[in-house]
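As stored in model-v8.txt (compact mmCIF, C-alpha atoms):
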```txt
# COMPACT_ATOMS: atom_id res chain seq x y z
CA MET S 813 163.25 90.37 66.66
CA LEU S 814 165.19 92.74 68.91
CA GLN S 815 165.33 95.33 66.17
CA ASP S 816 161.53 95.20 65.76
CA LEU S 817 161.11 95.58 69.53
CA TYR S 818 163.47 98.55 69.54
CA LEU S 819 161.53 100.21 66.73
CA GLN S 820 158.23 99.64 68.52
CA ILE S 821 159.56 101.11 71.77
CA ASN S 822 160.83 104.21 69.96
CA SER S 823 157.82 104.55 67.69
CA PRO S 824 155.79 107.79 68.03
CA ASP S 825 152.64 105.66 67.77
CA VAL S 826 151.21 103.99 70.86
CA ASN S 827 151.74 100.21 70.89
CA LEU S 828 151.86 97.54 73.58
CA PRO S 829 155.66 96.99 73.82
CA GLY S 830 156.35 100.71 73.74
CA ALA S 831 153.68 101.48 76.33
CA VAL S 832 154.95 98.79 78.72
CA ALA S 833 158.55 99.99 78.33
CA LYS S 834 157.54 103.59 79.02
CA LEU S 835 155.53 102.63 82.10
CA LEU S 836 158.44 100.60 83.46
CA LEU S 837 160.93 103.39 82.84
CA SER S 838 158.72 106.01 84.44
CA MET S 839 158.12 103.72 87.43
CA LEU S 840 161.89 103.31 87.86
CA LEU S 841 162.64 107.03 87.58
CA GLY S 842 159.85 107.96 89.98
CA ALA S 843 160.98 105.32 92.47
CA ILE S 844 164.55 106.68 92.42
CA ILE S 845 163.30 110.11 93.44
CA GLY S 846 160.92 108.57 96.00
CA ILE S 847 163.73 106.64 97.68
CA GLU S 848 165.60 109.89 98.36
CA ARG S 849 162.50 111.58 99.81
CA ARG S 850 161.75 108.58 102.01
CA ARG S 851 165.32 108.60 103.24
CA LYS S 852 164.70 112.16 104.47
CA GLY S 853 161.66 110.98 106.45
CA GLN S 854 159.01 112.46 104.16
CA ILE S 855 155.54 110.90 104.03
CA ALA S 856 155.56 110.76 100.23
CA GLY S 857 158.08 108.08 99.35
CA LEU S 858 158.94 105.40 96.83
CA ARG S 859 155.41 104.17 96.08
CA THR S 860 153.94 107.66 95.84
CA PHE S 861 156.53 108.98 93.41
CA ALA S 862 156.49 105.79 91.32
CA LEU S 863 152.70 105.94 90.98
CA ILE S 864 152.75 109.66 90.12
CA SER S 865 155.34 109.12 87.40
CA MET S 866 153.52 106.10 85.96
CA GLY S 867 150.18 107.88 86.10
CA ALA S 868 151.54 110.85 84.20
CA THR S 869 153.07 108.53 81.60
CA LEU S 870 149.76 106.71 81.17
CA ALA S 871 147.97 110.05 80.77
CA MET S 872 150.40 111.04 78.04
CA LEU S 873 149.95 107.69 76.27
CA ILE S 874 146.19 108.16 76.34
CA SER S 875 146.63 111.70 75.00
CA ILE S 876 148.59 110.34 72.04
CA TYR S 877 146.42 107.24 71.55
CA ILE S 878 142.98 108.88 71.30
CA PRO S 879 143.72 111.21 68.34
CA GLN S 880 145.52 108.41 66.48
CA VAL S 881 142.91 105.70 66.90
CA TYR S 882 139.56 107.39 67.30
CA LEU S 883 140.07 110.58 65.32
CA GLY S 884 142.56 109.30 62.75
CA LEU S 885 144.85 112.27 63.39
CA LYS S 886 148.58 111.71 63.42
CA ASN S 887 149.04 115.31 64.50
CA GLY S 888 146.23 115.60 67.01
CA ASP S 889 146.46 117.53 70.24
CA PRO S 890 148.06 115.21 72.81
CA GLY S 891 148.62 118.13 75.16
CA ARG S 892 145.09 118.41 76.50
CA ILE S 893 145.17 115.54 78.99
CA ALA S 894 148.83 116.23 79.75
CA ALA S 895 147.98 119.83 80.68
CA GLN S 896 145.43 118.58 83.19
CA VAL S 897 148.07 116.36 84.77
CA VAL S 898 150.41 119.30 85.32
CA SER S 899 147.68 121.35 87.01
CA GLY S 900 145.94 118.46 88.77
CA VAL S 901 149.07 117.11 90.42
CA GLY S 902 149.13 120.34 92.41
CA PHE S 903 146.55 118.81 94.73
CA LEU S 904 149.00 116.04 95.61
CA GLY S 905 151.72 118.61 96.15
CA ALA S 906 149.46 120.60 98.47
CA GLY S 907 148.82 117.43 100.47
CA ALA S 908 152.56 117.01 101.01
CA ILE S 909 152.91 120.50 102.50
CA ILE S 910 152.44 120.58 106.25
CA GLN S 911 151.95 123.75 108.28
CA MET S 912 153.33 123.21 111.76
CA LYS S 913 152.70 126.12 114.16
CA GLY S 914 154.55 128.79 112.27
CA SER S 915 156.78 126.67 110.03
CA VAL S 916 156.06 125.04 106.70
CA ARG S 917 157.45 121.66 105.74
CA GLY S 918 157.14 119.63 102.55
CA LEU S 919 157.72 122.30 99.90
CA THR S 920 160.65 120.38 98.43
CA THR S 921 158.61 117.17 98.34
CA ALA S 922 155.72 119.03 96.68
CA ALA S 923 158.09 120.40 94.04
CA GLY S 924 159.48 116.88 93.57
CA ILE S 925 155.96 115.51 93.03
CA TRP S 926 155.26 118.13 90.37
CA MET S 927 158.60 117.49 88.65
CA THR S 928 158.08 113.73 88.77
CA ALA S 929 154.75 114.15 87.01
CA CYS S 930 156.52 116.12 84.29
CA ILE S 931 159.10 113.34 83.98
CA GLY S 932 156.28 110.84 83.53
CA LEU S 933 154.79 112.98 80.77
CA ALA S 934 158.19 113.20 79.07
CA VAL S 935 158.61 109.42 79.20
CA GLY S 936 155.11 109.00 77.75
CA ALA S 937 156.07 111.31 74.90
CA GLY S 938 159.18 109.20 74.17
CA MET S 939 161.73 111.68 75.53
CA TYR S 940 163.76 108.95 77.25
CA LEU S 941 167.17 110.59 77.49
CA ILE S 942 165.75 113.91 78.68
CA SER S 943 163.68 112.09 81.32
CA ILE S 944 166.74 110.25 82.64
CA ILE S 945 168.81 113.43 82.69
CA ALA S 946 166.03 115.29 84.51
CA THR S 947 165.85 112.51 87.11
CA LEU S 948 169.61 112.65 87.68
CA LEU S 949 169.44 116.42 88.06
CA ILE S 950 166.64 116.12 90.62
CA ILE S 951 168.66 113.59 92.62
CA PHE S 952 171.69 115.89 92.44
CA ILE S 953 169.62 118.81 93.76
CA LEU S 954 168.06 116.79 96.58
CA LEU S 955 171.35 115.22 97.69
CA ASN S 956 173.91 117.95 97.13
CA ILE S 957 172.32 121.40 97.20
CA GLU S 958 171.38 121.03 100.88
CA ARG S 959 175.00 120.13 101.70
CA ILE S 960 176.21 123.19 99.81
CA GLU S 961 173.71 125.38 101.70
CA GLN S 962 174.88 123.99 105.03
CA ARG S 963 178.55 124.30 104.12
CA HIS S 964 178.22 127.95 103.09
CA ASN S 965 175.78 128.84 105.87
CA PHE S 966 172.83 129.51 103.55
CA LEU S 967 170.20 127.68 105.63
CA TRP S 968 168.32 130.21 107.75
CA GLU S 969 165.58 129.04 110.09
CA SER S 970 162.75 131.11 111.54
CA LYS S 971 162.21 130.64 115.26
CA ILE S 972 160.60 132.29 118.27
CA ILE S 973 162.85 132.94 121.27
CA ARG S 974 160.76 133.55 124.37
CA VAL S 975 162.21 135.03 127.55
CA LYS S 976 160.13 135.22 130.72
CA VAL S 977 161.49 137.38 133.54
CA HIS S 978 160.37 138.59 136.96
CA GLY S 979 158.80 142.03 137.23
CA VAL S 980 158.30 144.60 134.48
CA LEU S 981 161.20 144.63 132.05
CA SER S 982 161.58 148.21 130.90
CA ASP S 983 164.69 147.78 128.73
CA ILE S 984 165.11 144.89 126.31
CA GLN S 985 168.19 146.33 124.62
CA PRO S 986 170.53 143.92 126.49
CA LEU S 987 168.54 140.99 125.10
CA ARG S 988 168.81 142.40 121.58
CA ALA S 989 172.56 142.81 122.02
CA ILE S 990 172.97 139.18 123.15
CA LEU S 991 171.04 137.84 120.17
CA LYS S 992 173.01 140.03 117.76
CA ALA S 993 176.30 138.90 119.32
CA ASN S 994 175.27 135.29 118.60
CA ASP S 995 174.51 136.02 114.90
CA VAL S 996 170.76 135.87 115.44
CA HIS S 997 168.76 138.32 113.31
CA ILE S 998 165.63 139.78 114.96
CA SER S 999 162.72 140.12 112.54
CA ASP S 1000 160.16 141.37 115.07
CA GLU S 1001 159.44 141.36 118.78
CA PHE S 1002 156.38 141.25 121.02
CA ILE S 1003 156.19 142.02 124.74
CA LYS S 1004 153.60 140.98 127.32
CA TYR S 1005 153.48 142.68 130.73
CA ASP S 1006 151.58 140.83 133.46
CA TYR S 1007 151.17 143.33 136.30
CA GLU S 1008 148.98 141.04 138.39
CA ASP S 1009 151.45 138.16 138.64
CA GLY S 1010 154.50 140.35 138.15
CA PHE S 1011 156.34 139.04 135.11
CA THR S 1012 157.24 140.00 131.55
CA ILE S 1013 157.35 137.78 128.46
CA VAL S 1014 159.40 138.90 125.49
CA ASN S 1015 158.93 137.07 122.18
CA PHE S 1016 161.63 137.59 119.56
CA MET S 1017 160.86 136.46 116.00
CA VAL S 1018 164.33 135.59 114.73
CA ARG S 1019 166.21 134.07 111.82
CA SER S 1020 169.41 132.12 112.39
CA THR S 1021 171.56 129.34 110.99
CA SER S 1022 172.09 125.90 112.49
CA ARG S 1023 175.56 126.97 113.61
CA VAL S 1024 174.21 129.12 116.44
CA ASN S 1025 175.23 127.76 119.85
CA VAL S 1026 171.81 127.91 121.53
CA PRO S 1027 172.89 126.71 125.03
CA ALA S 1028 175.69 129.29 125.15
CA MET S 1029 173.30 132.02 124.01
CA PHE S 1030 170.75 131.03 126.66
CA ASP S 1031 173.51 131.10 129.27
CA ASP S 1032 174.36 134.69 128.27
CA ILE S 1033 170.70 135.66 128.62
CA LYS S 1034 170.52 134.01 132.03
CA GLN S 1035 173.54 135.91 133.32
CA HIS S 1036 172.14 139.28 132.23
CA THR S 1037 168.41 138.98 133.06
CA ASP S 1038 167.93 136.22 135.68
CA PRO S 1039 164.95 134.82 133.72
CA ILE S 1040 162.16 132.53 134.91
CA SER S 1041 162.41 130.58 131.64
CA ILE S 1042 163.94 130.76 128.16
CA THR S 1043 162.48 128.78 125.26
CA ILE S 1044 162.99 128.49 121.52
CA THR S 1045 160.00 127.33 119.48
CA ASN S 1046 158.04 127.70 116.24
CA GLU S 1047 154.83 128.86 117.94
CA MET S 1048 153.97 132.43 118.86
CA ASN S 1049 152.36 132.66 122.28
CA LEU S 1050 151.92 136.05 123.87
```
For the file at hand, write its structure as structure tokens.
Amino acid sequence: MLQDLYLQINSPDVNLPGAVAKLLLSMLLGAIIGIERRRKGQIAGLRTFALISMGATLAMLISIYIPQVYLGLKNGDPGRIAAQVVSGVGFLGAGAIIQMKGSVRGLTTAAGIWMTACIGLAVGAGMYLISIIATLLIIFILLNIERIEQRHNFLWESKIIRVKVHGVLSDIQPLRAILKANDVHISDEFIKYDYEDGFTIVNFMVRSTSRVNVPAMFDDIKQHTDPISITITNEMNL
């Protein structure tokens, strides 16, 4: 009995026990990835990833089933529907990407959605071990690569540092020197002179790591320029 069930699950032909086992496995693998994304506060979580993985598995089963049953071809082309899954899941990935006033969030989740769909296709094709290994590798990347990036100072963030000062600021070199001294890289800069109200706004587009001591840097700027305000943001506002 168990041997027959094992043979059916591992059979290249589509059958009920094998299809159910594949759907359950893909649901489990997708849910594992979804749990990690939900833990990071992403909108796409356990249910989304589980459904994507199961849907891709079902698409692969249909791709295999139709040539076998309706066309009588053991070597049909099961890749047609599967190819549409790989391209079509891009719409879900695009929905997970959020543009927030100069910064983009959700790229990792979008990549995870695409990869989860591929895992579902692999499960549907009977590549069980490869699917499990791929899931473990994804979890390793999501959990550990970020820690490695933080530990070795690889995570650079793009920000806008805005300094508003009284009068017309003719020399911004001291501000550049302060940012450089705090390991902040200036990508570009924009200046607004308001002659009517008598103030200057300097916007620095910068890249920095999370290790930068922002309060200390702002204190340096305050001592050298006597600013009206200093802000750090993602939004450009001249």
Query raised in the report: Closest to Gly924 (chain S) among S:Ile847, S:Ile1040, S:Ile942, S:Met872, using all atoms listed in the file?
Result: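 Of the candidates, the smallest distance to Gly924 (chain S) is held by S:Ile847.
Computed from the coordinates, the CA of Met866 (chain S) to CA of Ala934 (chain S) distance equals 10.9 Å.
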Query raised in the report: Distance CA of Leu873 (chain S)-CA of Gly936 (chain S), one decimal place?
Result: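 Interatomic distance, CA of Leu873 (chain S) to CA of Gly936 (chain S): 5.5 Å.
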Query - Residues within 8 Å of region 972-978 of chain S, all atoms listed in the file, excluding chain neighbours under 2 positions, as a list in words - result: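 Once the nearby chain positions are removed, what remains is Ser970, Val980, Leu981, Gly1010, Phe1011, Thr1012, Ile1013, Val1014, Asn1015, Phe1016, Met1017, Val1018, Thr1037, Asp1038, Pro1039, Ile1040, Ser1041, Ile1042, Thr1043, Ile1044, Thr1045, Asn1046, Glu1047 and Met1048 of chain S.
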Requested in this report: Using all atoms listed in the file, find the one residue out of S:Ser1020, S:Ser943, S:Gln880, S:Asn956 that sits nearest to Leu840 (chain S).
Outcome: S:Ser943
**Report entry** Straight-line distance linking CA of Val901 (chain S) with CA of Gly918 (chain S), stated in Å to one decimal
**Finding:**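 About the pair CA of Val901 (chain S) and CA of Gly918 (chain S): they are 14.8 Å apart.
Near Thr860 (chain S), within a cut-off of 9 Å and counting all atoms listed in the file, sit the residues S:Gly842, S:Ala843, S:Gly846, S:Ile855, S:Ala856, S:Gly857, S:Leu863, S:Ile864, S:Ser865, S:Ile925, with same-chain residues fewer than 3 positions away left out.
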